[in-house]
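Engineer: Sending over protein07.txt (compact mmCIF, C-alpha atoms and all ligand atoms).
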```
# COMPACT_ATOMS: atom_id res chain seq x y z
CA MET A 1 44.98 122.58 63.04
CA ASN A 2 42.02 121.04 61.22
CA ALA A 3 42.05 123.87 58.76
CA MET A 4 45.67 123.11 58.06
CA ILE A 5 45.00 119.40 57.56
CA GLU A 6 42.22 120.38 55.22
CA ASP A 7 44.60 122.71 53.41
CA LEU A 8 47.07 119.84 53.00
CA LYS A 9 44.40 117.59 51.54
CA ILE A 10 43.33 120.23 49.01
CA THR A 11 46.93 120.94 48.14
CA LYS A 12 47.56 117.28 47.53
CA GLN A 13 44.43 116.85 45.43
CA THR A 14 44.99 119.89 43.23
CA ALA A 15 48.64 118.90 42.78
CA LEU A 16 47.76 115.37 41.73
CA ASP A 17 45.05 116.64 39.37
CA GLN A 18 47.42 119.08 37.75
CA ILE A 19 50.12 116.46 37.41
CA ALA A 20 47.71 114.00 35.84
CA GLN A 21 46.68 116.51 33.21
CA CYS A 22 50.14 117.90 32.57
CA PRO A 23 50.88 117.88 28.81
CA ASP A 24 54.68 118.17 28.74
CA LEU A 25 57.94 118.16 30.68
CA LYS A 26 58.23 121.91 30.88
CA GLU A 27 54.85 122.21 32.47
CA LEU A 28 55.69 119.39 34.88
CA GLU A 29 58.73 121.24 36.14
CA LYS A 30 56.56 124.31 36.74
CA ILE A 31 54.14 122.23 38.78
CA ARG A 32 57.00 120.80 40.83
CA VAL A 33 58.25 124.25 41.70
CA GLN A 34 54.73 125.46 42.34
CA TYR A 35 54.19 122.85 45.05
CA LEU A 36 57.55 121.66 46.31
CA GLY A 37 59.76 124.67 45.65
CA LYS A 38 61.05 126.97 48.42
CA LYS A 39 58.15 129.31 47.80
CA GLY A 40 55.81 126.44 46.89
CA ARG A 41 52.37 125.76 48.28
CA LEU A 42 53.27 122.75 50.43
CA THR A 43 56.17 124.63 51.92
CA ALA A 44 53.85 127.53 52.73
CA VAL A 45 51.39 125.27 54.54
CA LEU A 46 54.10 123.57 56.54
CA ARG A 47 55.68 126.87 57.46
CA GLN A 48 52.62 127.63 59.53
CA MET A 49 53.41 124.64 61.77
CA GLY A 50 55.47 126.89 63.98
CA LYS A 51 52.30 128.22 65.50
CA LEU A 52 51.18 124.77 66.69
CA GLU A 53 51.67 122.72 69.84
CA SER A 54 54.35 120.06 69.54
CA GLU A 55 51.87 117.16 69.48
CA GLU A 56 49.87 118.77 66.69
CA ARG A 57 53.08 119.71 64.91
CA LYS A 58 54.07 116.07 64.81
CA VAL A 59 50.78 115.00 63.28
CA LEU A 60 50.83 117.78 60.75
CA GLY A 61 54.48 117.04 59.95
CA GLN A 62 53.66 113.41 59.25
CA GLN A 63 50.72 114.41 57.08
CA GLY A 64 52.89 116.95 55.29
CA ASN A 65 55.49 114.31 54.53
CA LEU A 66 52.88 111.94 53.18
CA VAL A 67 51.57 114.67 50.89
CA ARG A 68 55.11 115.48 49.73
CA GLU A 69 55.76 111.81 49.02
CA ALA A 70 52.49 111.48 47.10
CA ILE A 71 53.30 114.52 44.98
CA GLU A 72 56.88 113.36 44.38
CA THR A 73 55.70 109.91 43.31
CA ALA A 74 53.12 111.39 40.98
CA LEU A 75 55.75 113.73 39.54
CA ALA A 76 58.17 110.85 38.95
CA GLU A 77 55.54 108.74 37.22
CA SER A 78 54.44 111.62 35.10
CA LEU A 79 58.02 112.42 34.21
CA GLN A 80 58.51 108.91 32.87
CA ARG A 81 55.25 108.97 30.95
CA LEU A 82 55.99 112.33 29.36
CA LYS A 83 59.58 111.38 28.45
CA LEU A 84 58.35 108.27 26.73
CA HIS A 85 55.73 110.28 24.94
CA GLU A 86 58.29 112.82 23.75
CA THR A 87 60.60 110.09 22.43
CA GLU A 88 57.70 108.49 20.60
CA GLN A 89 56.76 111.79 19.02
CA LYS A 90 60.33 112.43 17.95
CA LEU A 91 60.61 108.98 16.41
CA ASN A 92 57.31 109.43 14.60
CA GLY A 93 58.60 112.68 13.15
CA GLU A 94 61.75 110.95 11.95
CA TRP A 95 60.03 107.96 10.46
CA LEU A 96 61.74 106.59 7.42
CA ASP A 97 60.83 103.96 4.94
CA VAL A 98 63.71 101.52 4.84
CA THR A 99 62.14 99.74 1.89
CA LEU A 100 62.53 102.79 -0.39
CA PRO A 101 65.17 102.21 -3.08
CA GLY A 102 68.43 104.05 -2.24
CA LYS A 103 69.97 106.84 -4.27
CA LYS A 104 72.97 105.41 -6.08
CA PRO A 105 76.07 107.58 -5.80
CA LYS A 106 77.39 108.58 -9.21
CA ALA A 107 80.61 106.65 -9.62
CA GLY A 108 83.32 108.18 -11.77
CA LYS A 109 84.67 106.46 -14.86
CA LYS A 110 88.01 106.63 -16.55
CA HIS A 111 88.33 109.29 -19.22
CA PRO A 112 88.74 107.94 -22.78
CA ILE A 113 92.24 109.43 -22.93
CA SER A 114 93.20 107.64 -19.70
CA LEU A 115 91.78 104.39 -21.04
CA VAL A 116 93.91 104.57 -24.20
CA LEU A 117 96.92 105.69 -22.20
CA ASP A 118 96.57 102.77 -19.78
CA ASP A 119 96.73 100.34 -22.70
CA ILE A 120 99.68 102.11 -24.30
CA ILE A 121 101.63 102.16 -21.05
CA GLU A 122 100.96 98.47 -20.53
CA ILE A 123 102.24 97.63 -24.00
CA PHE A 124 105.47 99.57 -23.55
CA MET A 125 106.03 98.32 -20.00
CA GLY A 126 105.82 94.84 -21.50
CA MET A 127 108.74 95.80 -23.75
CA GLY A 128 110.85 97.02 -20.85
CA PHE A 129 110.06 100.74 -20.93
CA SER A 130 109.49 102.75 -17.79
CA VAL A 131 107.40 105.91 -17.40
CA ALA A 132 109.21 109.23 -16.96
CA ASP A 133 107.73 112.48 -15.74
CA GLY A 134 108.23 115.91 -17.28
CA ARG A 135 107.22 119.51 -16.74
CA GLU A 136 104.44 121.45 -18.41
CA ILE A 137 106.11 124.80 -17.79
CA GLU A 138 109.39 124.66 -19.67
CA THR A 139 112.14 126.85 -20.98
CA VAL A 140 113.03 127.71 -24.58
CA ARG A 141 116.18 125.71 -23.99
CA TYR A 142 114.38 122.42 -23.39
CA ASN A 143 111.47 122.95 -25.74
CA PHE A 144 113.51 124.13 -28.75
CA ASP A 145 117.28 124.69 -28.35
CA ALA A 146 118.21 121.30 -26.94
CA LEU A 147 115.96 119.64 -29.49
CA ASN A 148 117.96 121.11 -32.35
CA ALA A 149 115.13 123.35 -33.54
CA PRO A 150 116.56 125.95 -35.95
CA SER A 151 116.39 129.46 -34.52
CA ASP A 152 113.96 130.45 -37.27
CA HIS A 153 111.74 127.38 -36.89
CA PRO A 154 108.08 128.46 -37.24
CA SER A 155 107.02 126.51 -34.13
CA ARG A 156 109.05 128.97 -32.05
CA ASP A 157 106.72 131.72 -33.18
CA GLU A 158 104.40 133.32 -30.65
CA GLN A 159 101.53 132.42 -32.90
CA ASP A 160 102.16 128.76 -32.16
CA THR A 161 103.60 128.82 -28.67
CA PHE A 162 102.30 130.21 -25.38
CA TYR A 163 105.19 132.23 -23.92
CA ILE A 164 105.18 133.24 -20.27
CA ASN A 165 108.20 135.45 -20.92
CA ASP A 166 111.10 135.44 -23.42
CA ASP A 167 112.54 132.38 -21.78
CA VAL A 168 109.68 130.45 -20.24
CA LEU A 169 106.81 128.79 -22.07
CA LEU A 170 104.15 126.09 -21.89
CA ARG A 171 105.77 123.10 -23.57
CA THR A 172 104.52 122.46 -27.09
CA GLN A 173 105.66 118.83 -27.14
CA THR A 174 106.59 116.07 -24.73
CA SER A 175 109.93 115.73 -26.57
CA THR A 176 111.32 118.01 -23.86
CA VAL A 177 111.36 114.96 -21.59
CA GLN A 178 113.96 113.30 -23.86
CA VAL A 179 116.44 115.99 -22.89
CA ARG A 180 115.55 115.97 -19.21
CA VAL A 181 115.97 112.20 -19.06
CA MET A 182 119.26 112.11 -21.01
CA GLU A 183 120.73 114.92 -18.90
CA LYS A 184 120.10 113.04 -15.68
CA ASN A 185 120.57 109.40 -16.72
CA ARG A 186 123.14 107.45 -18.70
CA PRO A 187 122.23 104.84 -21.36
CA PRO A 188 120.81 102.28 -21.67
CA LEU A 189 117.57 104.28 -21.60
CA ARG A 190 114.10 103.10 -22.45
CA ILE A 191 111.32 105.45 -21.37
CA ILE A 192 107.92 106.73 -22.34
CA SER A 193 106.45 109.96 -21.02
CA PRO A 194 102.81 110.96 -21.38
CA GLY A 195 101.59 114.45 -20.59
CA ARG A 196 99.84 117.68 -21.46
CA VAL A 197 101.15 119.99 -24.13
CA TYR A 198 100.01 123.42 -25.26
CA ARG A 199 99.80 125.22 -28.57
CA ALA A 200 98.14 128.48 -29.50
CA ASP A 201 95.50 126.81 -31.64
CA ASP A 202 91.85 127.79 -31.87
CA VAL A 203 89.39 125.25 -30.59
CA ASP A 204 87.65 123.20 -33.26
CA ALA A 205 86.68 119.57 -33.89
CA THR A 206 90.31 118.49 -34.35
CA HIS A 207 92.26 121.13 -32.37
CA SER A 208 92.57 122.20 -28.77
CA PRO A 209 95.09 124.60 -27.16
CA LEU A 210 95.69 121.91 -24.55
CA PHE A 211 96.17 118.33 -25.68
CA HIS A 212 98.08 115.20 -24.77
CA GLN A 213 101.13 113.51 -26.19
CA LEU A 214 103.21 110.49 -25.39
CA GLU A 215 106.93 110.56 -25.97
CA GLY A 216 109.21 107.57 -26.25
CA LEU A 217 112.99 107.31 -26.15
CA VAL A 218 115.46 104.46 -26.47
CA VAL A 219 119.22 105.02 -26.24
CA ASP A 220 121.85 102.32 -26.14
CA LYS A 221 124.86 100.99 -27.98
CA GLY A 222 124.00 99.78 -31.47
CA ILE A 223 120.37 100.94 -31.69
CA ALA A 224 119.36 101.05 -35.37
CA PHE A 225 116.38 102.12 -37.45
CA ALA A 226 115.37 98.43 -37.52
CA ASP A 227 114.84 98.61 -33.72
CA LEU A 228 112.61 101.63 -34.19
CA LYS A 229 110.55 99.85 -36.83
CA GLY A 230 110.29 96.60 -34.91
CA THR A 231 109.31 98.26 -31.63
CA LEU A 232 106.70 100.54 -33.16
CA GLU A 233 105.21 97.82 -35.36
CA ILE A 234 104.74 95.58 -32.35
CA PHE A 235 103.23 98.49 -30.47
CA ALA A 236 100.73 99.25 -33.27
CA ARG A 237 99.67 95.62 -33.52
CA ARG A 238 99.19 95.25 -29.79
CA LEU A 239 97.09 98.42 -29.70
CA TYR A 240 95.03 97.98 -32.86
CA GLY A 241 95.07 94.22 -33.46
CA GLU A 242 97.66 91.64 -34.53
CA ASN A 243 96.84 91.93 -38.23
CA THR A 244 97.21 95.69 -38.37
CA GLY A 245 99.36 96.76 -41.32
CA VAL A 246 101.77 99.68 -40.88
CA ARG A 247 103.84 101.85 -43.19
CA PHE A 248 106.62 104.38 -42.62
CA ARG A 249 106.84 107.62 -44.60
CA PRO A 250 109.91 109.86 -44.60
CA HIS A 251 109.36 113.06 -42.66
CA TYR A 252 111.29 115.87 -41.01
CA PHE A 253 111.73 116.60 -37.31
CA PRO A 254 114.62 118.76 -36.11
CA PHE A 255 115.55 116.37 -33.27
CA THR A 256 115.70 113.16 -35.32
CA GLU A 257 117.63 112.13 -38.41
CA PRO A 258 116.36 110.29 -40.35
CA SER A 259 112.75 110.97 -39.38
CA ALA A 260 109.55 109.23 -40.33
CA GLU A 261 105.86 109.10 -39.69
CA MET A 262 104.16 105.79 -39.09
CA ASP A 263 100.67 105.09 -40.39
CA ILE A 264 98.43 102.12 -39.70
CA VAL A 265 96.06 100.60 -42.22
CA CYS A 266 92.64 102.06 -41.49
CA PHE A 267 90.86 99.79 -39.01
CA SER A 268 87.50 100.96 -40.27
CA CYS A 269 87.83 100.07 -43.98
CA ASP A 270 90.91 97.84 -43.94
CA GLY A 271 92.70 100.14 -46.37
CA ASN A 272 89.95 100.59 -48.97
CA GLY A 273 89.27 104.21 -48.11
CA CYS A 274 86.43 105.54 -45.99
CA ARG A 275 85.33 108.54 -43.98
CA VAL A 276 87.46 107.60 -40.96
CA CYS A 277 90.70 107.66 -42.97
CA LYS A 278 89.48 110.40 -45.33
CA GLN A 279 89.76 107.94 -48.25
CA GLU A 280 93.48 107.47 -47.58
CA GLY A 281 93.30 103.84 -46.47
CA TYR A 282 95.86 104.76 -43.78
CA ILE A 283 95.71 106.63 -40.51
CA GLU A 284 98.70 108.55 -39.15
CA LEU A 285 99.71 107.21 -35.74
CA LEU A 286 103.00 108.78 -34.72
CA GLY A 287 106.21 110.61 -35.57
CA ALA A 288 109.57 108.98 -34.98
CA GLY A 289 113.23 108.94 -35.92
CA MET A 290 116.81 108.27 -34.89
CA VAL A 291 117.86 110.72 -32.16
CA HIS A 292 119.88 113.52 -33.80
CA PRO A 293 123.56 113.46 -32.83
CA ASN A 294 123.24 117.12 -31.79
CA VAL A 295 120.61 116.20 -29.23
CA LEU A 296 122.78 113.43 -27.80
CA LYS A 297 125.76 115.79 -27.65
CA PHE A 298 123.69 118.47 -25.96
CA CYS A 299 122.92 115.98 -23.19
CA GLY A 300 126.54 114.88 -22.83
CA ILE A 301 126.10 111.52 -24.56
CA ASP A 302 128.71 110.58 -27.15
CA PRO A 303 126.93 109.96 -30.50
CA ASP A 304 129.85 107.82 -31.67
CA GLU A 305 129.26 105.43 -28.81
CA TYR A 306 125.48 105.56 -28.46
CA THR A 307 122.55 105.80 -30.82
CA GLY A 308 118.85 105.90 -30.16
CA PHE A 309 115.39 106.37 -31.50
CA ALA A 310 112.49 108.50 -30.36
CA PHE A 311 108.82 108.73 -31.15
CA GLY A 312 105.87 110.90 -30.27
CA MET A 313 102.13 110.54 -30.69
CA GLY A 314 98.96 112.43 -29.91
CA LEU A 315 96.81 110.73 -27.30
CA ASP A 316 93.65 112.74 -27.92
CA ARG A 317 93.43 111.66 -31.52
CA ALA A 318 94.19 108.09 -30.54
CA ALA A 319 91.22 108.20 -28.16
CA LEU A 320 88.97 109.79 -30.79
CA LYS A 321 89.86 107.08 -33.27
CA ARG A 322 89.51 104.25 -30.85
CA TYR A 323 86.04 105.26 -29.70
CA ASN A 324 84.90 106.68 -33.01
CA ILE A 325 84.37 110.15 -31.54
CA ASN A 326 84.13 112.85 -34.17
CA ASP A 327 84.81 115.99 -32.14
CA MET A 328 87.79 116.64 -29.88
CA ARG A 329 85.84 119.21 -27.87
CA LEU A 330 83.86 116.36 -26.32
CA LEU A 331 87.03 115.19 -24.58
CA PHE A 332 87.37 118.46 -22.68
CA GLU A 333 83.80 119.43 -21.86
CA ASN A 334 83.53 117.08 -18.87
CA ASP A 335 79.94 116.19 -19.60
CA SER A 336 79.36 113.07 -17.51
CA ARG A 337 76.67 111.83 -19.93
CA PHE A 338 79.43 111.59 -22.52
CA LEU A 339 82.26 110.44 -20.28
CA THR A 340 80.42 107.52 -18.70
CA GLN A 341 79.98 105.77 -22.05
CA PHE A 342 83.48 104.37 -22.26
CA SER A 343 85.18 101.49 -20.58
N1 LIG A 401 107.33 116.22 -30.92
C1 LIG A 401 106.69 115.85 -32.17
C2 LIG A 401 105.43 116.65 -32.37
O1 LIG A 401 105.00 117.29 -31.46
C3 LIG A 401 106.36 114.40 -32.21
C4 LIG A 401 107.59 113.57 -32.36
C5 LIG A 401 108.10 113.22 -33.59
C6 LIG A 401 108.29 113.16 -31.24
C7 LIG A 401 109.22 112.48 -33.74
C8 LIG A 401 109.45 112.40 -31.39
C9 LIG A 401 109.91 112.07 -32.66
O2 LIG A 401 110.14 111.96 -30.37
O3 LIG A 401 111.03 111.33 -32.79
O4 LIG A 401 104.88 116.64 -33.42
```
Have the structure of the file written as structure tokens, please.
Ligand code: DAH

Structural biologist:
Amino acid sequence: MNAMIEDLKITKQTALDQIAQCPDLKELEKIRVQYLGKKGRLTAVLRQMGKLESEERKVLGQQGNLVREAIETALAESLQRLKLHETEQKLNGEWLDVTLPGKKPKAGKKHPISLVLDDIIEIFMGMGFSVADGREIETVRYNFDALNAPSDHPSRDEQDTFYINDDVLLRTQTSTVQVRVMEKNRPPLRIISPGRVYRADDVDATHSPLFHQLEGLVVDKGIAFADLKGTLEIFARRLYGENTGVRFRPHYFPFTEPSAEMDIVCFSCDGNGCRVCKQEGYIELLGAGMVHPNVLKFCGIDPDEYTGFAFGMGLDRAALKRYNINDMRLLFENDSRFLTQFS
């Protein structure tokens, strides 16, 4: 009996010592099992009680319970201490300096072509135009036939046009939208339509196989060349400044008759001649003309009842001019150092 009491004391002391020195939670669990588990030391000592008289058993049982309680309390305290310690260590490992300056996310900016286009759209919306959508993959019918292009017109050539097959191509001009709009809608019509167009050109400072155009179309009763001139002059002045001078030169387009090109007085030299206008004093801005009766007829609109004008301009060159950029390739390279310069 005394030996057993002694055994209990030693068990308690070694357990408490071990618990006090325990370095981490894993170790603590091992100690718990080692003493209090089914095959643990305390259990082993108490198992011997069976050999004792009932009076002695009682005393030993009480002592055993006290030892168990002492070990359990020590374990619980240690558990708390070690958990706190672990949290502290974790937090120390994750320490961050909230006073460090943050990394700024790179915000996108509008592309120069989009910037010019936004302004152009706003100007035409102000004159009652709406924006129409077209398709980049088109048919010969919409890109050439409906637009009155002669069957031997050089632009139909494979050297100028990307054909997908005999019938299907990448549109070479946004003028296709004129036909799509007139087929579906009746006059009065007043639309613009910006978009991508494709031509089999080699890449250089002024050419790209993919570029952007904006098409315009007005059809109503009694539309005359004077409406074309007035509308496009106002447009040029809103875009390039109220004092901008313009001139019209006769030109040829298959889908308009008569046709013209409109130039603006060079904004860089005011018409005196400089590098920007190649000493011309003028800069070409757009092509335009009165919608050809054949085009109206093709779309089921009676040319005796309705007339209209159309115009088309390149957006890439407009952006180059506006921002004084000397190489079209810069517009397509997507170099953010270049693109973030414009607003
Ligand atoms: N489609 C012509 C081109 O690509 C531009 C153009 C000229 C469009 C005159 C028109 C127009 O609507 O009337 O060069």

Engineer: Which residues are near ligand LIG 401 (chain A) - at most 9 Å, using all atoms listed in the file? Format: as an MDAnalysis selection string.

Structural biologist: chainID A and resid 172:176 178 197 213:217 251:257 259:261 286:291 309:314

Engineer: Rank A:Leu16, A:Val67, A:Leu228, A:Leu285 by their smallest atom-to-atom distance to Pro258 of chain A, using all atoms listed in the file, and report the top residue only.

Structural biologist: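 The answer is A:Leu228, which sits nearest to Pro258 of chain A.
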
Engineer: Select, from A:Arg317, A:Lys30, A:Lys103, A:Arg249, the residue with the minimum atom-to-atom distance to Leu117 of chain A, counting all atoms listed in the file.

Structural biologist: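 Checking each candidate against Leu117 of chain A, we get A:Arg317 as the closest.
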
Engineer: Name the closest residue to Arg190 of chain A among the candidates A:Ala132, A:Met328, A:Cys274, A:Leu339; distances are taken between atoms, counting only C-alpha atoms.

Structural biologist: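 With only C-alpha atoms as the atom set, the closest residue is A:Ala132.
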
Engineer: Counting all atoms listed in the file, I want the residues whose atoms come within 9 Å of (96.7, 108.5, -41.5) in the file frame, returned as a ChimeraX atom specification.

Structural biologist: /A:262-266,277-278,280-285

Engineer: Go ahead and dump the residues you just picked, C-alpha atoms, as a PDB file, keeping the file's coordinate frame.

Structural biologist:
```
ATOM      1  CA  MET A 262     104.160 105.790 -39.090  1.00  0.00           C
ATOM      2  CA  ASP A 263     100.670 105.090 -40.390  1.00  0.00           C
ATOM      3  CA  ILE A 264      98.430 102.120 -39.700  1.00  0.00           C
ATOM      4  CA  VAL A 265      96.060 100.600 -42.220  1.00  0.00           C
ATOM      5  CA  CYS A 266      92.640 102.060 -41.490  1.00  0.00           C
ATOM      6  CA  CYS A 277      90.700 107.660 -42.970  1.00  0.00           C
ATOM      7  CA  LYS A 278      89.480 110.400 -45.330  1.00  0.00           C
ATOM      8  CA  GLU A 280      93.480 107.470 -47.580  1.00  0.00           C
ATOM      9  CA  GLY A 281      93.300 103.840 -46.470  1.00  0.00           C
ATOM     10  CA  TYR A 282      95.860 104.760 -43.780  1.00  0.00           C
ATOM     11  CA  ILE A 283      95.710 106.630 -40.510  1.00  0.00           C
ATOM     12  CA  GLU A 284      98.700 108.550 -39.150  1.00  0.00           C
ATOM     13  CA  LEU A 285      99.710 107.210 -35.740  1.00  0.00           C
TER      14      LEU A 285
END
```

Engineer: Restricting the calculation to all atoms listed in the file, which member of A:Thr161, A:Thr307, A:Gln341, A:Thr139 is positioned closest to Leu189 of chain A?

Structural biologist: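 Closest residue, counting all atoms listed in the file: A:Thr307.
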
Engineer: Keeping just C-alpha atoms, export segment 66-112 of chain A of this structure as a short mmCIF file (atom, residue, chain, number, x, y, z; two decimals), in the first residue's frame.

Structural biologist:
```cif
data_model
loop_
_atom_site.label_atom_id
_atom_site.label_comp_id
_atom_site.auth_asym_id
_atom_site.auth_seq_id
_atom_site.Cartn_x
_atom_site.Cartn_y
_atom_site.Cartn_z
CA LEU A 66 -6.20 13.79 -6.65
CA VAL A 67 -3.20 12.88 -8.79
CA ARG A 68 -5.42 12.63 -11.88
CA GLU A 69 -6.93 16.03 -11.13
CA ALA A 70 -3.49 17.57 -10.61
CA ILE A 71 -2.25 16.18 -13.91
CA GLU A 72 -5.41 17.25 -15.75
CA THR A 73 -5.15 20.78 -14.37
CA ALA A 74 -1.50 21.00 -15.31
CA LEU A 75 -2.31 19.69 -18.80
CA ALA A 76 -5.09 22.25 -19.25
CA GLU A 77 -2.88 25.14 -18.15
CA SER A 78 -0.08 23.99 -20.35
CA LEU A 79 -2.45 23.60 -23.27
CA GLN A 80 -3.51 27.22 -22.95
CA ARG A 81 0.06 28.44 -22.61
CA LEU A 82 1.25 26.49 -25.63
CA LYS A 83 -1.71 27.55 -27.79
CA LEU A 84 -1.04 31.17 -27.00
CA HIS A 85 2.61 30.66 -27.77
CA GLU A 86 1.82 29.05 -31.12
CA THR A 87 -0.50 31.91 -32.10
CA GLU A 88 2.15 34.43 -31.16
CA GLN A 89 4.73 32.63 -33.24
CA LYS A 90 2.39 32.47 -36.21
CA LEU A 91 1.62 36.16 -35.95
CA ASN A 92 5.29 37.00 -35.69
CA GLY A 93 5.93 35.03 -38.85
CA GLU A 94 3.19 36.94 -40.65
CA TRP A 95 4.24 40.35 -39.48
CA LEU A 96 3.59 43.06 -41.98
CA ASP A 97 4.49 46.68 -42.12
CA VAL A 98 1.26 48.58 -42.65
CA THR A 99 3.20 51.79 -43.16
CA LEU A 100 4.87 50.50 -46.36
CA PRO A 101 3.57 52.31 -49.45
CA GLY A 102 1.12 50.11 -51.40
CA LYS A 103 1.62 48.83 -54.92
CA LYS A 104 -0.64 50.82 -57.20
CA PRO A 105 -2.62 48.67 -59.62
CA LYS A 106 -1.97 49.65 -63.22
CA ALA A 107 -5.17 51.27 -64.39
CA GLY A 108 -6.03 51.02 -68.07
CA LYS A 109 -6.46 54.08 -70.26
CA LYS A 110 -8.52 54.67 -73.34
CA HIS A 111 -6.75 53.93 -76.61
CA PRO A 112 -6.08 57.00 -78.79
#
```
